[in-house]
Amino acid sequence: MTSSTTWTTRPNLSDVERFWTAPVAERAAAFAALREREPVPFFEEPQFAFLPQGAGYWALTRLDDLVEASRNAKVFTSGPGATSIADMPPEFLEFYGSMINTDDPRHARLRRIVSRGFTPRRLAALTDEVQATATAIVDDVVDAGEVDAVTAISARLPLKIVCDMMGVPESQYDFVFQKSNVILGASDPEYVPDAENIIVALLEAGNALAELMRDLGRHREANPTDDVTSALVNAEIDGERLTNDELASFFILLVVAGNETTRNAISWGLKLLTDHPEQRRIWLDDLDGVTPTAVEEIVRWASPVIYMRRTLAVDAVLGGQEMSAGDKLLLFYWAANRDPAHFTDPDAFDVRRSPNPHVGFGGAGPHFCLGAHLARREMAVMFRELLTRVPDIHATAEPRRLQSMFINGIKSMPVSIR
């Protein structure tokens with residue numbers, strides 16, 4: 001079933017204030033119409049303060065096209081920028097994107113070193129901490145009556161896990177939370193009221209997080225512990241190790257990607273279970289059997305990261321569309337995850353959906369999410385804890401959504417624990 005839409009003209013994917021704040025059903029229907037009538041449309045770029053407007057971008061809306069672009073990283077490159085439509089100065093890209101904004105061989109080098117902090121042994125050691133943290137979160141809200149799902153539940157688990165992994169003290173949790181909100185919520189007036197100074201706000205937030213990690217990195221070089229920061233500053237592969245600036249950039253990537261996206265997936269999951277009580281019952285009736293597919297379905301449906309950008313290194317043809325070297329493409333994961341060629345009844349929320357070839361953690365290829373396994377674990381543990389201890393938890397009002405075309409975020413949402 002495809003949603004009907006109230007859009008009477010071709011939707012403008014670059015209209016952050018209108019298209020990306022429209023109801024989710026309208027957005028889905030607009031993408032469905034594009035996918036059917038104009039599968040690789042071209043759009044003008046949004047205008048960003050202090051940055052020249054680029055030539056525009058191609059929008060990938062079909063799963064097959066997106067997967068092909070993701071796999072062929074030599075043609076569809078990330079070095080010119082993966083997280084921003086506008087062309088940013090190289091130092092800005094590196095500061096905010098770490099290896100997301102790099103291509104091989106540098107991308108491979110960074111990923112090899114960073115992977116030392118995400119070994120199976122280290123991730124397995126996090127299992128008990130994830131469980132203990134989720135238990136403590138529910139302990140704190142079980143008798144609260146009504147709370148904000150984001151600050152009281154969704155944000156707390158990934159924030160603590162990421163900070164503890166890196167060795168960031170608890171006294172800095174709120175600081176990290178606030179600065180990461182600015183970085184990913186820069187297009188939302190609530191987080192950056194002065195639209196003319198978005199770049200300044202981004203630089204200040206990023207530099208604050210970077211300085212926190214530089215200080216910690218220097219300390220861990222002299223006084224190593226069992227945290228990931230110690231592993232990274234002391235990891236050496238082929239005679240190379242991360243510089244302090246590379247460590248700081250990776251930390252920004254980790255707290256943004258590992259914190260914000262998981263928290264939004266959990267928030268959307270609570271909203272979906274409220275709207276689909278029959279799916280909640282199916283999940284509750286078979287927690288062990290349904291949890292793995294339910295987690296994948298929440299990620300598919302929510303698609304917390306809406307898009308990533310690629311830039312053509314050479315002329316190419318994709319989805320029947322001829323493109324030129326230097327052209328920009330936006331890989332709309334949110335749209336690809338609703339492609340009816342791969343998902344039956346794509347707008348439906350089905351906790352038992354299988355197969356589920358979603359690209360919520362990125363498409364196949366070198367830029368697939370390094371923390372996907374941890375994110376899945378956090379979501380599985382958090383929902384198991386909620387469904388067993390407060391099975392009637394439900395949203396009591398519509399979520400306040402982030403104004404962004406990059407992150408499908410929820411800023412706040414009241415839930416009843418009764």
# chains A, B, ... in the order shown; residues from 1 in each chain; ligands from 1

$ select_by_dssp --residues "segment 91-205 of chain A" --states "alpha helix (DSSP H)" --output "PyMOL selection string"
chain A and resi 91-97+106-114+120-141+149+156-166+173-184+198-205

$ closest_atom_pairs --of "segment 223-290 of chain A" --to "segment 388-391 of chain A" --cutoff "12 Å" --atoms "only C-alpha atoms" --output "JSON lines"
{"residue": "A:Leu270", "atom": "CA", "partner": "A:Pro391", "partner_atom": "CA", "distance": 10.9}
{"residue": "A:Leu273", "atom": "CA", "partner": "A:Pro391", "partner_atom": "CA", "distance": 10.2}
{"residue": "A:Thr274", "atom": "CA", "partner": "A:Pro391", "partner_atom": "CA", "distance": 10.9}
{"residue": "A:Pro277", "atom": "CA", "partner": "A:Pro391", "partner_atom": "CA", "distance": 10.7}
{"residue": "A:Arg280", "atom": "CA", "partner": "A:Pro391", "partner_atom": "CA", "distance": 8.5}
{"residue": "A:Arg281", "atom": "CA", "partner": "A:Pro391", "partner_atom": "CA", "distance": 9.4}
{"residue": "A:Trp283", "atom": "CA", "partner": "A:Pro391", "partner_atom": "CA", "distance": 10.4}
{"residue": "A:Leu284", "atom": "CA", "partner": "A:Thr388", "partner_atom": "CA", "distance": 7.8}
{"residue": "A:Asp285", "atom": "CA", "partner": "A:Thr388", "partner_atom": "CA", "distance": 10.7}
{"residue": "A:Asp286", "atom": "CA", "partner": "A:Thr388", "partner_atom": "CA", "distance": 11.3}
{"residue": "A:Leu287", "atom": "CA", "partner": "A:Thr388", "partner_atom": "CA", "distance": 8.9}
{"residue": "A:Asp288", "atom": "CA", "partner": "A:Thr388", "partner_atom": "CA", "distance": 11.7}

$ write_last_selection --atoms "N, CA and C atoms" --output "short mmCIF file (atom, residue, chain, number, x, y, z; two decimals), in the first residue's frame"
data_model
loop_
_atom_site.label_atom_id
_atom_site.label_comp_id
_atom_site.auth_asym_id
_atom_site.auth_seq_id
_atom_site.Cartn_x
_atom_site.Cartn_y
_atom_site.Cartn_z
N LEU A 270 9.61 3.79 20.30
CA LEU A 270 8.54 4.02 21.27
C LEU A 270 7.30 4.62 20.62
N LEU A 273 5.56 1.77 18.58
CA LEU A 273 4.83 0.83 19.42
C LEU A 273 3.55 1.46 19.97
N THR A 274 3.55 2.77 20.15
CA THR A 274 2.34 3.47 20.57
C THR A 274 1.30 3.44 19.46
N PRO A 277 -0.25 -0.90 18.48
CA PRO A 277 -0.31 -1.78 19.65
C PRO A 277 -0.34 -3.27 19.29
N ARG A 280 3.16 -4.34 19.20
CA ARG A 280 3.67 -4.47 20.58
C ARG A 280 3.29 -5.85 21.14
N ARG A 281 2.04 -6.26 20.90
CA ARG A 281 1.59 -7.57 21.42
C ARG A 281 2.37 -8.71 20.78
N TRP A 283 5.38 -8.61 19.65
CA TRP A 283 6.73 -8.58 20.21
C TRP A 283 6.73 -9.16 21.62
N LEU A 284 5.76 -8.72 22.45
CA LEU A 284 5.70 -9.20 23.83
C LEU A 284 5.45 -10.70 23.91
N ASP A 285 4.69 -11.24 22.97
CA ASP A 285 4.37 -12.66 22.99
C ASP A 285 5.57 -13.55 22.68
N ASP A 286 6.60 -12.97 22.05
CA ASP A 286 7.78 -13.77 21.69
C ASP A 286 9.01 -12.86 21.69
N LEU A 287 9.43 -12.47 22.89
CA LEU A 287 10.55 -11.52 23.00
C LEU A 287 11.81 -12.04 22.35
N ASP A 288 12.16 -13.28 22.63
CA ASP A 288 13.41 -13.83 22.08
C ASP A 288 13.36 -13.92 20.56
#

$ residues_around --residues "segment 187-201 of chain A" --least-positions-apart "4" --cutoff "9 Å" --atoms "only C-alpha atoms" --output "PyMOL selection string"
chain A and resi 16+48-50+178+181-183+205-206+402-405

$ atom_distance --atom1 "atom CA of Ala265 of chain A" --atom2 "atom CA of Ile298 of chain A"
6.5 Å

$ atom_distance --atom1 "atom CA of Leu60 of chain A" --atom2 "atom CA of Ala28 of chain A"
14.2 Å

$ residues_around --residues "segment 379-382 of chain A" --least-positions-apart "6" --cutoff "10 Å" --atoms "only C-alpha atoms" --output "JSON, numbers by chain"
{"A": [127, 130, 131, 132, 133, 134, 135, 137, 138, 153, 154, 157, 158, 262, 263, 265, 266, 269, 287, 288, 291, 292, 293, 294, 295, 296, 298, 299]}

$ write_last_selection --atoms "N, CA, C and O atoms" --output "JSON list (two decimals), in the first residue's frame"
[["chain", "number", "residue", "atom", "x", "y", "z"],
["A", 127, "THR", "N", 28.69, -5.91, 26.86],
["A", 127, "THR", "CA", 27.37, -6.50, 27.02],
["A", 127, "THR", "C", 26.81, -6.27, 28.41],
["A", 127, "THR", "O", 25.65, -5.84, 28.57],
["A", 130, "VAL", "N", 25.94, -2.53, 28.95],
["A", 130, "VAL", "CA", 24.71, -2.13, 28.28],
["A", 130, "VAL", "C", 23.50, -2.58, 29.09],
["A", 130, "VAL", "O", 22.54, -1.82, 29.30],
["A", 131, "GLN", "N", 23.53, -3.82, 29.57],
["A", 131, "GLN", "CA", 22.41, -4.33, 30.36],
["A", 131, "GLN", "C", 22.25, -3.55, 31.67],
["A", 131, "GLN", "O", 21.13, -3.17, 32.04],
["A", 132, "ALA", "N", 23.35, -3.33, 32.36],
["A", 132, "ALA", "CA", 23.28, -2.60, 33.63],
["A", 132, "ALA", "C", 22.76, -1.19, 33.44],
["A", 132, "ALA", "O", 21.98, -0.67, 34.26],
["A", 133, "THR", "N", 23.20, -0.53, 32.37],
["A", 133, "THR", "CA", 22.75, 0.83, 32.10],
["A", 133, "THR", "C", 21.28, 0.88, 31.77],
["A", 133, "THR", "O", 20.53, 1.73, 32.27],
["A", 134, "ALA", "N", 20.81, -0.04, 30.92],
["A", 134, "ALA", "CA", 19.39, -0.08, 30.58],
["A", 134, "ALA", "C", 18.54, -0.36, 31.81],
["A", 134, "ALA", "O", 17.47, 0.25, 32.00],
["A", 135, "THR", "N", 19.00, -1.26, 32.67],
["A", 135, "THR", "CA", 18.28, -1.56, 33.91],
["A", 135, "THR", "C", 18.17, -0.33, 34.80],
["A", 135, "THR", "O", 17.10, -0.02, 35.35],
["A", 137, "ILE", "N", 18.30, 2.80, 33.88],
["A", 137, "ILE", "CA", 17.42, 3.79, 33.25],
["A", 137, "ILE", "C", 15.96, 3.49, 33.58],
["A", 137, "ILE", "O", 15.19, 4.38, 33.96],
["A", 138, "VAL", "N", 15.57, 2.23, 33.45],
["A", 138, "VAL", "CA", 14.18, 1.87, 33.76],
["A", 138, "VAL", "C", 13.92, 1.97, 35.26],
["A", 138, "VAL", "O", 12.83, 2.38, 35.68],
["A", 153, "ILE", "N", 15.11, 8.45, 28.72],
["A", 153, "ILE", "CA", 15.30, 7.06, 28.29],
["A", 153, "ILE", "C", 16.25, 6.97, 27.10],
["A", 153, "ILE", "O", 17.36, 6.46, 27.19],
["A", 154, "SER", "N", 15.81, 7.46, 25.94],
["A", 154, "SER", "CA", 16.49, 7.18, 24.67],
["A", 154, "SER", "C", 17.92, 7.69, 24.63],
["A", 154, "SER", "O", 18.81, 7.00, 24.12],
["A", 157, "LEU", "N", 21.11, 5.87, 27.29],
["A", 157, "LEU", "CA", 21.87, 4.63, 27.07],
["A", 157, "LEU", "C", 23.04, 4.83, 26.11],
["A", 157, "LEU", "O", 24.19, 4.57, 26.48],
["A", 158, "PRO", "N", 22.82, 5.28, 24.87],
["A", 158, "PRO", "CA", 23.98, 5.42, 23.97],
["A", 158, "PRO", "C", 24.97, 6.47, 24.44],
["A", 158, "PRO", "O", 26.18, 6.31, 24.22],
["A", 262, "THR", "N", 21.35, 6.30, 17.54],
["A", 262, "THR", "CA", 20.73, 5.26, 18.35],
["A", 262, "THR", "C", 19.62, 5.82, 19.22],
["A", 262, "THR", "O", 18.56, 5.21, 19.39],
["A", 263, "ARG", "N", 19.83, 7.00, 19.75],
["A", 263, "ARG", "CA", 18.79, 7.61, 20.59],
["A", 263, "ARG", "C", 17.55, 7.89, 19.76],
["A", 263, "ARG", "O", 16.42, 7.70, 20.23],
["A", 265, "ALA", "N", 16.59, 6.25, 17.04],
["A", 265, "ALA", "CA", 15.96, 4.96, 16.72],
["A", 265, "ALA", "C", 15.11, 4.48, 17.89],
["A", 265, "ALA", "O", 13.98, 4.01, 17.71],
["A", 266, "ILE", "N", 15.63, 4.60, 19.12],
["A", 266, "ILE", "CA", 14.86, 4.19, 20.29],
["A", 266, "ILE", "C", 13.61, 5.06, 20.45],
["A", 266, "ILE", "O", 12.52, 4.55, 20.73],
["A", 269, "GLY", "N", 11.13, 4.09, 17.94],
["A", 269, "GLY", "CA", 10.58, 2.78, 18.31],
["A", 269, "GLY", "C", 9.44, 2.91, 19.31],
["A", 269, "GLY", "O", 8.41, 2.24, 19.18],
["A", 287, "LEU", "N", 9.43, -12.47, 22.89],
["A", 287, "LEU", "CA", 10.55, -11.52, 23.00],
["A", 287, "LEU", "C", 11.81, -12.04, 22.35],
["A", 287, "LEU", "O", 12.47, -11.33, 21.59],
["A", 288, "ASP", "N", 12.16, -13.28, 22.63],
["A", 288, "ASP", "CA", 13.41, -13.83, 22.08],
["A", 288, "ASP", "C", 13.36, -13.92, 20.56],
["A", 288, "ASP", "O", 14.33, -13.59, 19.87],
["A", 291, "THR", "N", 12.65, -9.95, 18.87],
["A", 291, "THR", "CA", 13.54, -8.81, 19.12],
["A", 291, "THR", "C", 14.51, -8.54, 17.97],
["A", 291, "THR", "O", 14.64, -7.38, 17.54],
["A", 292, "PRO", "N", 15.21, -9.53, 17.43],
["A", 292, "PRO", "CA", 16.14, -9.22, 16.33],
["A", 292, "PRO", "C", 15.47, -8.58, 15.12],
["A", 292, "PRO", "O", 15.98, -7.60, 14.56],
["A", 293, "THR", "N", 14.32, -9.11, 14.70],
["A", 293, "THR", "CA", 13.65, -8.53, 13.53],
["A", 293, "THR", "C", 13.00, -7.19, 13.87],
["A", 293, "THR", "O", 12.93, -6.30, 13.02],
["A", 294, "ALA", "N", 12.53, -7.03, 15.09],
["A", 294, "ALA", "CA", 11.91, -5.76, 15.49],
["A", 294, "ALA", "C", 12.93, -4.63, 15.48],
["A", 294, "ALA", "O", 12.64, -3.51, 15.04],
["A", 295, "VAL", "N", 14.13, -4.91, 15.97],
["A", 295, "VAL", "CA", 15.18, -3.89, 15.97],
["A", 295, "VAL", "C", 15.51, -3.47, 14.55],
["A", 295, "VAL", "O", 15.62, -2.27, 14.24],
["A", 296, "GLU", "N", 15.64, -4.44, 13.64],
["A", 296, "GLU", "CA", 15.93, -4.11, 12.25],
["A", 296, "GLU", "C", 14.80, -3.29, 11.63],
["A", 296, "GLU", "O", 15.04, -2.37, 10.85],
["A", 298, "ILE", "N", 12.70, -1.25, 13.20],
["A", 298, "ILE", "CA", 12.73, 0.12, 13.73],
["A", 298, "ILE", "C", 13.78, 0.94, 12.98],
["A", 298, "ILE", "O", 13.53, 2.08, 12.59],
["A", 299, "VAL", "N", 14.95, 0.36, 12.77],
["A", 299, "VAL", "CA", 16.01, 1.07, 12.05],
["A", 299, "VAL", "C", 15.56, 1.37, 10.62],
["A", 299, "VAL", "O", 15.77, 2.47, 10.11]]

$ closest_residue --among "A:Arg241, A:Arg353, A:Lys74, A:Arg10" --to "Ile113 of chain A" --atoms "only C-alpha atoms"
A:Arg241

$ residues_around --residues "segment 159-173 of chain A" --least-positions-apart "4" --cutoff "9 Å" --atoms "only C-alpha atoms" --output "list in words"
Gly117, Leu126, Glu129, Val130, Thr133, Ala155, Phe177, Gln178, Leu212, Met213, Leu216, Thr225, Asp226, Asp227, Val228, Thr229, Ser230, Phe251, Leu254, Val255, Gly258, Asn259, Glu260, Arg263 and Glu378 of chain A

$ residues_around --residues "Ala86 of chain A" --least-positions-apart "6" --cutoff "9 Å" --atoms "only C-alpha atoms" --output "JSON, numbers by chain"
{"A": [45, 46, 47, 48, 51, 52, 53, 54]}

$ residues_around --residues "segment 20-26 of chain A" --least-positions-apart "2" --cutoff "12 Å" --atoms "only C-alpha atoms" --output "JSON, numbers by chain"
{"A": [1, 2, 3, 4, 5, 6, 7, 8, 11, 12, 13, 14, 15, 16, 17, 18, 28, 29, 30, 31, 32, 33, 187, 188, 268, 301, 302, 303, 306, 334, 335, 338, 346, 347, 348, 398, 399, 400, 401, 402, 403, 404, 405, 406, 407, 408, 409, 410]}

$ atom_distance --atom1 "atom CA of Ala186 of chain A" --atom2 "atom CA of Trp58 of chain A"
23.1 Å
